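Peer 1: Take a look at the following structure, please.
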Amino acid sequence: MELIRIASADYDRYEELLLQYDQLEKEAYFIQEAYIRVFGELNNELFQGKIECIRLKKAIAWCQEKRNRGKQPDRTAMDGYLKVQMAAYRLQLEDMVQAWEKSQKMQPVSPMQVEKVKAIYRRLAKKLHPDINPLTKEDPVLYDLFQRVMIAYRCNDLTELQGLEVLASKALNEISGSSAVVVVDDIEEKIGELETRIGRLTTTEPYTLKEILEDPERVEKKKASIRKEIGEYEEYRKQLAEHLETLL
């Protein structure tokens, strides 16, 4: 199948922005993974300290409320109350720990493989991206292939992409009708939207964390800052724990 595009500078710009956004989104994902790998263990310790302080403050408020009503706080009842109150925080901490553990298992990918993956993806995206080839939205085989392409691209799976390129070529050749005309409605508006999304992506986290990760001095400074905050929460935790004991 041949894609017949309306020749215009706007269309070329639109296609390039689509591919650029996909590349930046993927890069942002790997920046986030790298940030978790470098700072995740410390951030998890910090969050654990924070939620322990939250737990103690809730316990103090619960005990104070019982005393205000002339009742002696019961530790077992308090623990049951806190278990419910803290459930969401515990789940969040578990998710953070799992994300850090996953980041430790990620295998490094060579720059050469990354470039090969990028080149194959660009070739396939120009044929299969739903915003470039309208048939992808209509044909289940093409749609499924593009979903697999996106997954392989995000995972830097060169072998999978090489196989998908063969399958895509076969599927496109088998589609009845030898050509499809590509006309993008409101193309100037869509170009503006893509430029806005790219600008937002590259000026917010996790993309902006790249500047920290690329500077060893800033990495160590960030780690020192987190360790300091952990120490501050530990001191606060001790104060809260002492106060709680006076209420039980």
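Each chain in the structure tokens gets a letter, A, B, ..., in the order shown, and its residues are numbered from 1; ligands are numbered from 1 in order too.
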Need to verify the contact set: stretch 117-126 of chain A, 10 Å, only C-alpha atoms, exclusion of same-chain residues closer than 5 positions in sequence. Can you return it as a short mmCIF file (atom, residue, chain, number, x, y, z; two decimals) with all heavy atoms, in the first residue's frame?

Peer 2:
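Once everything was written out, this is around_5.cif:
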data_model
loop_
_atom_site.label_atom_id
_atom_site.label_comp_id
_atom_site.auth_asym_id
_atom_site.auth_seq_id
_atom_site.Cartn_x
_atom_site.Cartn_y
_atom_site.Cartn_z
N LEU A 3 1.11 5.37 0.62
CA LEU A 3 0.45 6.53 1.20
C LEU A 3 0.71 7.74 0.33
O LEU A 3 1.85 8.07 0.03
CB LEU A 3 1.00 6.81 2.61
CG LEU A 3 0.73 5.74 3.68
CD1 LEU A 3 1.33 6.19 5.00
CD2 LEU A 3 -0.74 5.46 3.82
N GLU A 15 4.17 15.87 10.54
CA GLU A 15 4.74 14.52 10.65
C GLU A 15 5.97 14.53 11.55
O GLU A 15 6.12 13.66 12.42
CB GLU A 15 5.10 14.00 9.26
CG GLU A 15 5.60 12.55 9.26
CD GLU A 15 5.94 12.08 7.86
OE1 GLU A 15 7.09 12.31 7.44
OE2 GLU A 15 5.05 11.52 7.19
N GLU A 16 6.84 15.50 11.36
CA GLU A 16 8.06 15.58 12.16
C GLU A 16 7.75 15.81 13.64
O GLU A 16 8.38 15.23 14.53
CB GLU A 16 8.97 16.69 11.64
CG GLU A 16 10.33 16.77 12.33
CD GLU A 16 11.12 15.47 12.25
OE1 GLU A 16 11.04 14.77 11.21
OE2 GLU A 16 11.81 15.14 13.23
N LEU A 18 5.00 14.91 15.24
CA LEU A 18 4.46 13.67 15.79
C LEU A 18 5.59 12.74 16.23
O LEU A 18 5.57 12.18 17.33
CB LEU A 18 3.58 12.96 14.76
CG LEU A 18 2.16 13.48 14.56
CD1 LEU A 18 1.53 12.80 13.36
CD2 LEU A 18 1.32 13.25 15.80
N LEU A 19 6.57 12.57 15.36
CA LEU A 19 7.69 11.69 15.66
C LEU A 19 8.55 12.25 16.79
O LEU A 19 9.04 11.51 17.64
CB LEU A 19 8.54 11.47 14.40
CG LEU A 19 7.80 10.79 13.23
CD1 LEU A 19 8.71 10.72 12.01
CD2 LEU A 19 7.33 9.39 13.62
N GLN A 20 8.71 13.57 16.80
CA GLN A 20 9.50 14.21 17.86
C GLN A 20 8.83 14.02 19.22
O GLN A 20 9.51 13.73 20.22
CB GLN A 20 9.68 15.70 17.56
CG GLN A 20 10.53 16.42 18.61
CD GLN A 20 10.61 17.92 18.35
OE1 GLN A 20 10.06 18.44 17.37
NE2 GLN A 20 11.26 18.64 19.24
N ASP A 22 6.79 11.62 20.16
CA ASP A 22 6.95 10.22 20.58
C ASP A 22 8.34 9.99 21.16
O ASP A 22 8.51 9.31 22.18
CB ASP A 22 6.73 9.28 19.40
CG ASP A 22 5.26 9.14 19.03
OD1 ASP A 22 4.41 9.59 19.82
OD2 ASP A 22 4.98 8.59 17.95
N GLN A 23 9.36 10.54 20.52
CA GLN A 23 10.74 10.38 20.98
C GLN A 23 10.94 11.04 22.35
O GLN A 23 11.55 10.45 23.25
CB GLN A 23 11.71 10.97 19.96
CG GLN A 23 13.16 11.04 20.42
CD GLN A 23 13.80 9.68 20.65
OE1 GLN A 23 13.34 8.70 20.09
NE2 GLN A 23 14.84 9.64 21.47
N PRO A 111 24.21 3.03 23.00
CA PRO A 111 23.78 4.13 22.13
C PRO A 111 23.52 3.66 20.70
O PRO A 111 22.60 4.15 20.03
CB PRO A 111 24.95 5.11 22.19
CG PRO A 111 25.61 4.83 23.50
CD PRO A 111 25.46 3.35 23.71
N MET A 112 24.31 2.70 20.22
CA MET A 112 24.11 2.20 18.86
C MET A 112 22.76 1.51 18.72
O MET A 112 22.04 1.71 17.73
CB MET A 112 25.23 1.21 18.50
CG MET A 112 25.14 0.67 17.07
SD MET A 112 26.48 -0.48 16.68
CE MET A 112 27.89 0.63 16.80
N ASP A 131 -2.20 8.86 13.15
CA ASP A 131 -2.37 10.25 12.74
C ASP A 131 -1.68 10.54 11.41
O ASP A 131 -1.77 11.65 10.89
CB ASP A 131 -1.81 11.19 13.82
CG ASP A 131 -2.66 11.17 15.08
OD1 ASP A 131 -3.88 10.98 14.95
OD2 ASP A 131 -2.11 11.33 16.16
N ILE A 132 -0.99 9.52 10.88
CA ILE A 132 -0.35 9.65 9.56
C ILE A 132 -1.04 8.76 8.54
O ILE A 132 -1.31 9.18 7.41
CB ILE A 132 1.15 9.30 9.66
CG1 ILE A 132 1.88 10.35 10.52
CG2 ILE A 132 1.79 9.23 8.27
CD1 ILE A 132 3.34 10.04 10.78
N ASN A 133 -1.34 7.54 8.93
CA ASN A 133 -2.04 6.60 8.05
C ASN A 133 -3.45 6.35 8.60
O ASN A 133 -3.62 5.63 9.59
CB ASN A 133 -1.28 5.28 7.97
CG ASN A 133 -1.95 4.28 7.02
OD1 ASN A 133 -3.02 4.55 6.48
ND2 ASN A 133 -1.32 3.14 6.84
N LEU A 145 -0.48 -4.06 15.10
CA LEU A 145 0.94 -3.94 14.79
C LEU A 145 1.52 -2.65 15.36
O LEU A 145 2.61 -2.64 15.92
CB LEU A 145 1.17 -3.98 13.28
CG LEU A 145 1.20 -5.36 12.62
CD1 LEU A 145 1.19 -5.23 11.10
CD2 LEU A 145 2.44 -6.15 13.07
N PHE A 146 0.75 -1.56 15.23
CA PHE A 146 1.26 -0.29 15.73
C PHE A 146 1.36 -0.29 17.25
O PHE A 146 2.31 0.27 17.82
CB PHE A 146 0.39 0.88 15.27
CG PHE A 146 0.97 2.22 15.67
CD1 PHE A 146 2.15 2.67 15.08
CD2 PHE A 146 0.37 3.01 16.63
CE1 PHE A 146 2.71 3.88 15.46
CE2 PHE A 146 0.93 4.22 17.00
CZ PHE A 146 2.10 4.66 16.42
N VAL A 149 4.45 -2.09 18.00
CA VAL A 149 5.59 -1.24 17.66
C VAL A 149 5.86 -0.25 18.78
O VAL A 149 7.02 -0.03 19.19
CB VAL A 149 5.32 -0.48 16.33
CG1 VAL A 149 6.32 0.67 16.16
CG2 VAL A 149 5.41 -1.43 15.15
N MET A 150 4.81 0.37 19.32
CA MET A 150 4.97 1.34 20.40
C MET A 150 5.59 0.71 21.63
O MET A 150 6.48 1.29 22.27
CB MET A 150 3.61 1.97 20.75
CG MET A 150 3.09 2.93 19.70
SD MET A 150 4.16 4.37 19.46
CE MET A 150 4.03 5.15 21.06
N ALA A 152 7.46 -2.07 21.79
CA ALA A 152 8.85 -2.42 21.49
C ALA A 152 9.74 -1.18 21.48
O ALA A 152 10.89 -1.22 21.95
CB ALA A 152 8.93 -3.14 20.15
N TYR A 153 9.22 -0.10 20.96
CA TYR A 153 9.98 1.15 20.90
C TYR A 153 10.29 1.68 22.30
O TYR A 153 11.44 2.04 22.61
CB TYR A 153 9.18 2.18 20.11
CG TYR A 153 9.79 3.56 20.04
CD1 TYR A 153 11.06 3.77 19.53
CD2 TYR A 153 9.07 4.67 20.48
CE1 TYR A 153 11.61 5.04 19.45
CE2 TYR A 153 9.60 5.95 20.40
CZ TYR A 153 10.87 6.12 19.90
OH TYR A 153 11.41 7.38 19.83
N ARG A 154 9.30 1.66 23.16
CA ARG A 154 9.49 2.16 24.52
C ARG A 154 10.46 1.28 25.31
O ARG A 154 11.13 1.76 26.22
CB ARG A 154 8.15 2.26 25.24
CG ARG A 154 7.26 3.37 24.69
CD ARG A 154 5.92 3.40 25.39
NE ARG A 154 5.04 4.38 24.78
CZ ARG A 154 5.03 5.68 25.08
NH1 ARG A 154 5.88 6.12 25.99
NH2 ARG A 154 4.20 6.51 24.50
N CYS A 155 10.50 -0.01 24.95
CA CYS A 155 11.39 -0.95 25.65
C CYS A 155 12.76 -1.08 24.98
O CYS A 155 13.60 -1.89 25.42
CB CYS A 155 10.73 -2.33 25.72
SG CYS A 155 9.22 -2.38 26.70
N ASN A 156 12.97 -0.33 23.92
CA ASN A 156 14.23 -0.42 23.15
C ASN A 156 14.50 -1.85 22.69
O ASN A 156 15.65 -2.32 22.69
CB ASN A 156 15.41 0.09 23.98
CG ASN A 156 15.50 1.60 24.01
OD1 ASN A 156 15.20 2.26 23.02
ND2 ASN A 156 15.88 2.16 25.14
N ASP A 157 13.43 -2.54 22.29
CA ASP A 157 13.56 -3.94 21.86
C ASP A 157 13.85 -3.99 20.36
O ASP A 157 12.93 -4.02 19.53
CB ASP A 157 12.27 -4.70 22.20
CG ASP A 157 12.42 -6.20 22.03
OD1 ASP A 157 13.28 -6.64 21.24
OD2 ASP A 157 11.66 -6.94 22.68
N LEU A 158 15.12 -4.01 20.03
CA LEU A 158 15.53 -3.97 18.62
C LEU A 158 15.07 -5.21 17.86
O LEU A 158 14.58 -5.10 16.74
CB LEU A 158 17.06 -3.82 18.54
CG LEU A 158 17.66 -3.81 17.13
CD1 LEU A 158 17.10 -2.67 16.31
CD2 LEU A 158 19.19 -3.73 17.22
N THR A 159 15.23 -6.38 18.46
CA THR A 159 14.84 -7.63 17.79
C THR A 159 13.36 -7.64 17.46
O THR A 159 12.96 -8.01 16.34
CB THR A 159 15.19 -8.84 18.69
OG1 THR A 159 16.58 -8.83 18.97
CG2 THR A 159 14.82 -10.14 18.00
N GLU A 160 12.53 -7.21 18.41
CA GLU A 160 11.08 -7.18 18.18
C GLU A 160 10.73 -6.20 17.06
O GLU A 160 9.90 -6.49 16.19
CB GLU A 160 10.37 -6.78 19.48
CG GLU A 160 8.85 -6.62 19.36
CD GLU A 160 8.10 -7.92 19.21
OE1 GLU A 160 8.75 -8.98 19.19
OE2 GLU A 160 6.86 -7.88 19.10
N LEU A 161 11.36 -5.04 17.06
CA LEU A 161 11.07 -4.04 16.03
C LEU A 161 11.49 -4.53 14.65
O LEU A 161 10.79 -4.27 13.65
CB LEU A 161 11.80 -2.73 16.35
CG LEU A 161 11.10 -1.79 17.34
CD1 LEU A 161 12.00 -0.62 17.67
CD2 LEU A 161 9.77 -1.30 16.80
N GLN A 162 12.60 -5.23 14.57
CA GLN A 162 13.04 -5.76 13.28
C GLN A 162 12.03 -6.75 12.74
O GLN A 162 11.72 -6.76 11.54
CB GLN A 162 14.42 -6.42 13.44
CG GLN A 162 15.54 -5.41 13.65
CD GLN A 162 16.86 -6.06 14.03
OE1 GLN A 162 16.88 -7.15 14.62
NE2 GLN A 162 17.97 -5.41 13.71
N LEU A 164 8.80 -6.82 13.56
CA LEU A 164 7.57 -6.08 13.27
C LEU A 164 7.67 -5.33 11.95
O LEU A 164 6.65 -5.15 11.27
CB LEU A 164 7.27 -5.10 14.42
CG LEU A 164 6.79 -5.75 15.73
CD1 LEU A 164 6.76 -4.72 16.84
CD2 LEU A 164 5.41 -6.37 15.54
N GLU A 165 8.86 -4.90 11.58
CA GLU A 165 9.02 -4.20 10.30
C GLU A 165 8.69 -5.15 9.15
O GLU A 165 8.07 -4.75 8.17
CB GLU A 165 10.43 -3.65 10.17
CG GLU A 165 10.59 -2.74 8.96
CD GLU A 165 11.84 -1.91 9.00
OE1 GLU A 165 12.84 -2.36 9.60
OE2 GLU A 165 11.83 -0.80 8.43
N ALA A 168 4.87 -5.66 9.23
CA ALA A 168 4.16 -4.46 8.78
C ALA A 168 4.22 -4.36 7.26
O ALA A 168 3.21 -4.02 6.61
CB ALA A 168 4.77 -3.22 9.41
N SER A 169 5.36 -4.63 6.69
CA SER A 169 5.51 -4.58 5.24
C SER A 169 4.56 -5.57 4.57
O SER A 169 3.88 -5.25 3.58
CB SER A 169 6.95 -4.88 4.85
OG SER A 169 7.10 -4.88 3.44
#

Peer 1: Sorted by chain and rising residue number, list the residues of stretch 22-136 of chain A at most 9 Å from stretch 197-220 of chain A (counting only C-alpha atoms), each with its closest atom pair and distance in Å to one decimal, as a tab-separated table.

Peer 2:
residue	atom	partner	partner_atom	distance
A:Leu24	CA	A:Leu201	CA	7.7
A:Glu25	CA	A:Leu201	CA	7.5
A:Glu27	CA	A:Tyr207	CA	7.7
A:Ala28	CA	A:Tyr207	CA	5.0
A:Tyr29	CA	A:Pro206	CA	7.6
A:Ile31	CA	A:Lys210	CA	6.2
A:Gln32	CA	A:Pro206	CA	5.5
A:Ala34	CA	A:Leu213	CA	7.8
A:Tyr35	CA	A:Leu213	CA	7.0
A:Val38	CA	A:Leu213	CA	8.3
A:Phe39	CA	A:Val219	CA	8.6

Peer 1: Generate a file of the selected residues that holds all heavy atoms, formatted as a CSV table (one decimal), in the first residue's frame.

Peer 2:
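Resulting contents of part.csv:
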chain,number,residue,atom,x,y,z
A,24,LEU,N,10.4,12.2,22.5
A,24,LEU,CA,10.6,13.0,23.8
A,24,LEU,C,9.8,12.3,24.9
A,24,LEU,O,10.3,12.2,26.1
A,24,LEU,CB,10.1,14.4,23.6
A,24,LEU,CG,11.0,15.3,22.8
A,24,LEU,CD1,10.3,16.6,22.5
A,24,LEU,CD2,12.3,15.5,23.4
A,25,GLU,N,8.6,11.7,24.6
A,25,GLU,CA,7.8,11.0,25.6
A,25,GLU,C,8.6,9.8,26.1
A,25,GLU,O,8.6,9.5,27.3
A,25,GLU,CB,6.5,10.7,25.0
A,25,GLU,CG,5.5,10.3,26.1
A,25,GLU,CD,4.1,10.1,25.5
A,25,GLU,OE1,4.0,9.5,24.4
A,25,GLU,OE2,3.1,10.5,26.1
A,27,GLU,N,11.8,9.4,26.0
A,27,GLU,CA,13.0,9.8,26.7
A,27,GLU,C,12.6,10.2,28.1
A,27,GLU,O,13.3,9.9,29.1
A,27,GLU,CB,13.7,11.0,26.0
A,27,GLU,CG,15.0,11.4,26.6
A,27,GLU,CD,15.7,12.5,25.8
A,27,GLU,OE1,15.2,12.9,24.7
A,27,GLU,OE2,16.7,13.0,26.3
A,28,ALA,N,11.4,10.9,28.3
A,28,ALA,CA,11.0,11.3,29.6
A,28,ALA,C,10.7,10.0,30.5
A,28,ALA,O,11.0,10.1,31.7
A,28,ALA,CB,9.7,12.1,29.5
A,29,TYR,N,10.2,9.0,29.9
A,29,TYR,CA,10.0,7.7,30.6
A,29,TYR,C,11.3,7.2,31.2
A,29,TYR,O,11.4,6.8,32.3
A,29,TYR,CB,9.3,6.7,29.7
A,29,TYR,CG,9.3,5.3,30.3
A,29,TYR,CD1,8.4,4.9,31.3
A,29,TYR,CD2,10.3,4.3,29.9
A,29,TYR,CE1,8.4,3.7,31.9
A,29,TYR,CE2,10.3,3.1,30.5
A,29,TYR,CZ,9.3,2.7,31.4
A,29,TYR,OH,9.3,1.5,32.0
A,31,ILE,N,14.1,8.9,31.6
A,31,ILE,CA,14.6,9.8,32.6
A,31,ILE,C,14.0,9.5,34.0
A,31,ILE,O,14.7,9.5,35.0
A,31,ILE,CB,14.3,11.3,32.2
A,31,ILE,CG1,15.2,11.6,31.0
A,31,ILE,CG2,14.6,12.2,33.3
A,31,ILE,CD1,14.8,13.0,30.3
A,32,GLN,N,12.7,9.3,34.0
A,32,GLN,CA,12.0,9.0,35.2
A,32,GLN,C,12.6,7.7,35.9
A,32,GLN,O,12.8,7.6,37.1
A,32,GLN,CB,10.5,8.8,35.0
A,32,GLN,CG,9.7,8.5,36.2
A,32,GLN,CD,9.6,9.6,37.2
A,32,GLN,OE1,9.6,10.7,36.9
A,32,GLN,NE2,9.7,9.2,38.5
A,34,ALA,N,15.5,6.4,35.4
A,34,ALA,CA,16.9,6.7,35.9
A,34,ALA,C,16.9,7.5,37.2
A,34,ALA,O,17.7,7.2,38.1
A,34,ALA,CB,17.7,7.5,34.8
A,35,TYR,N,15.9,8.4,37.3
A,35,TYR,CA,15.8,9.2,38.5
A,35,TYR,C,15.5,8.3,39.7
A,35,TYR,O,16.0,8.4,40.8
A,35,TYR,CB,14.8,10.3,38.4
A,35,TYR,CG,14.7,11.2,39.5
A,35,TYR,CD1,15.5,12.3,39.6
A,35,TYR,CD2,13.7,11.0,40.5
A,35,TYR,CE1,15.5,13.2,40.7
A,35,TYR,CE2,13.7,11.9,41.6
A,35,TYR,CZ,14.5,13.0,41.7
A,35,TYR,OH,14.5,13.8,42.8
A,38,VAL,N,18.5,6.2,40.8
A,38,VAL,CA,19.5,7.0,41.5
A,38,VAL,C,19.0,7.4,42.9
A,38,VAL,O,19.8,7.3,43.9
A,38,VAL,CB,20.0,8.2,40.7
A,38,VAL,CG1,21.0,9.0,41.5
A,38,VAL,CG2,20.7,7.7,39.4
A,39,PHE,N,17.8,8.0,42.9
A,39,PHE,CA,17.3,8.6,44.2
A,39,PHE,C,16.2,7.8,44.9
A,39,PHE,O,15.8,8.2,46.0
A,39,PHE,CB,16.8,10.0,43.9
A,39,PHE,CG,17.8,10.9,43.3
A,39,PHE,CD1,17.8,11.3,42.0
A,39,PHE,CD2,18.8,11.4,44.2
A,39,PHE,CE1,18.8,12.2,41.5
A,39,PHE,CE2,19.8,12.3,43.7
A,39,PHE,CZ,19.7,12.7,42.3

Peer 1: Find the residue from A:Met78, A:Ala171, A:Leu248, A:Leu93 that sits nearest to A:Lys50; use only C-alpha atoms when measuring.

Peer 2: A:Leu93

Peer 1: Mind checking which residues fall within 7 Å of A:Trp100, counting only C-alpha atoms, ignoring those fewer than 2 positions away in the same chain, and posting them as a ChimeraX atom specification?

Peer 2: /A:36-37,40-41,96-98,102-104

Peer 1: Please produce a file of the residues just selected, as an mmCIF file, in the first residue's frame, where the atoms kept are N, CA, C and O atoms.

Peer 2:
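After the write, result.cif holds the following:
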data_model
loop_
_atom_site.group_PDB
_atom_site.id
_atom_site.type_symbol
_atom_site.label_atom_id
_atom_site.label_comp_id
_atom_site.auth_asym_id
_atom_site.auth_seq_id
_atom_site.Cartn_x
_atom_site.Cartn_y
_atom_site.Cartn_z
ATOM 1 N N ILE A 36 14.541 7.374 39.468
ATOM 2 C CA ILE A 36 14.152 6.431 40.519
ATOM 3 C C ILE A 36 15.327 5.530 40.887
ATOM 4 O O ILE A 36 15.558 5.227 42.063
ATOM 5 N N ARG A 37 16.082 5.114 39.872
ATOM 6 C CA ARG A 37 17.224 4.238 40.122
ATOM 7 C C ARG A 37 18.273 4.933 40.997
ATOM 8 O O ARG A 37 18.856 4.308 41.885
ATOM 9 N N GLY A 40 15.710 6.717 44.213
ATOM 10 C CA GLY A 40 14.527 6.023 44.718
ATOM 11 C C GLY A 40 14.664 5.504 46.128
ATOM 12 O O GLY A 40 13.746 5.667 46.951
ATOM 13 N N GLU A 41 15.791 4.897 46.456
ATOM 14 C CA GLU A 41 15.952 4.312 47.790
ATOM 15 C C GLU A 41 15.893 5.397 48.866
ATOM 16 O O GLU A 41 15.224 5.234 49.906
ATOM 17 N N MET A 96 6.134 2.673 45.433
ATOM 18 C CA MET A 96 7.427 3.346 45.276
ATOM 19 C C MET A 96 8.582 2.344 45.407
ATOM 20 O O MET A 96 9.551 2.405 44.645
ATOM 21 N N VAL A 97 8.458 1.436 46.356
ATOM 22 C CA VAL A 97 9.495 0.419 46.545
ATOM 23 C C VAL A 97 9.576 -0.490 45.322
ATOM 24 O O VAL A 97 10.665 -0.816 44.832
ATOM 25 N N GLN A 98 8.408 -0.897 44.804
ATOM 26 C CA GLN A 98 8.387 -1.747 43.618
ATOM 27 C C GLN A 98 8.993 -1.039 42.416
ATOM 28 O O GLN A 98 9.707 -1.655 41.612
ATOM 29 N N LYS A 102 12.238 -2.314 40.383
ATOM 30 C CA LYS A 102 12.182 -2.500 38.934
ATOM 31 C C LYS A 102 13.306 -1.732 38.250
ATOM 32 O O LYS A 102 13.950 -2.236 37.312
ATOM 33 N N SER A 103 13.577 -0.518 38.717
ATOM 34 C CA SER A 103 14.619 0.307 38.097
ATOM 35 C C SER A 103 15.997 -0.331 38.251
ATOM 36 O O SER A 103 16.872 -0.142 37.403
ATOM 37 N N GLN A 104 16.197 -1.092 39.335
ATOM 38 C CA GLN A 104 17.492 -1.727 39.564
ATOM 39 C C GLN A 104 17.738 -2.881 38.596
ATOM 40 O O GLN A 104 18.885 -3.282 38.366
#

Peer 1: Separation of atom CA of A:Asp79 and atom CA of A:Asn43, in Å?

Peer 2: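 Atom-to-atom, atom CA of A:Asp79 and atom CA of A:Asn43 are spaced 26.0 Å apart.
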
Peer 1: Can you work out which one of A:Cys53, A:Leu17, A:Leu42, A:Leu244 has the shortest atom-to-atom distance to A:Lys223, counting only C-alpha atoms?

Peer 2: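 Selected residue with least distance to A:Lys223: A:Leu42.
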
Peer 1: Can you tell me which residues surround A:Arg90 at a distance of at most 12 Å, considering only C-alpha atoms, apart from same-chain residues fewer than 5 positions away, and format the answer as a list in words?

Peer 2: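 The residues that qualify are Asn44, Phe47, Gln48, Gly49, Lys50, Ile51, Glu52, Ile54, Arg55, Leu82, Lys83, Val84, Gln85, Asp95, Met96 and Val97 of chain A.
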
Peer 1: Using DSSP on the backbone, list every residue of stretch 10-187 of chain A that comes out as alpha helix (DSSP H), and give them as number ranges by chain.

Peer 2: A: 10-68, 75-85, 87-105, 111-128, 135-138, 140-154, 158-174, 187

Peer 1: I'd like the contact shell of A:Cys63 - 12 Å cut-off, only C-alpha atoms, skipping same-chain residues fewer than 6 positions apart - returned as a ChimeraX atom specification.

Peer 2: /A:56-57,69-79,81-82,243-248

Peer 1: Run DSSP on the backbone and tell me which residues of stretch 28-246 of chain A come out as strand (DSSP E or B); list them as a count of residues only.

Peer 2: 4

Peer 1: So what do you get for atom CA of A:Ile60 versus atom CA of A:Leu240, distance-wise?

Peer 2: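 Pair atom CA of A:Ile60 / atom CA of A:Leu240 returns 8.0 Å.
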
Peer 1: Between atom CA of A:Gln239 and atom CA of A:Lys222, what is the distance in Å, rounded to a tenth?

Peer 2: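 Taking atom CA of A:Gln239 and atom CA of A:Lys222, their separation equals 26.3 Å.
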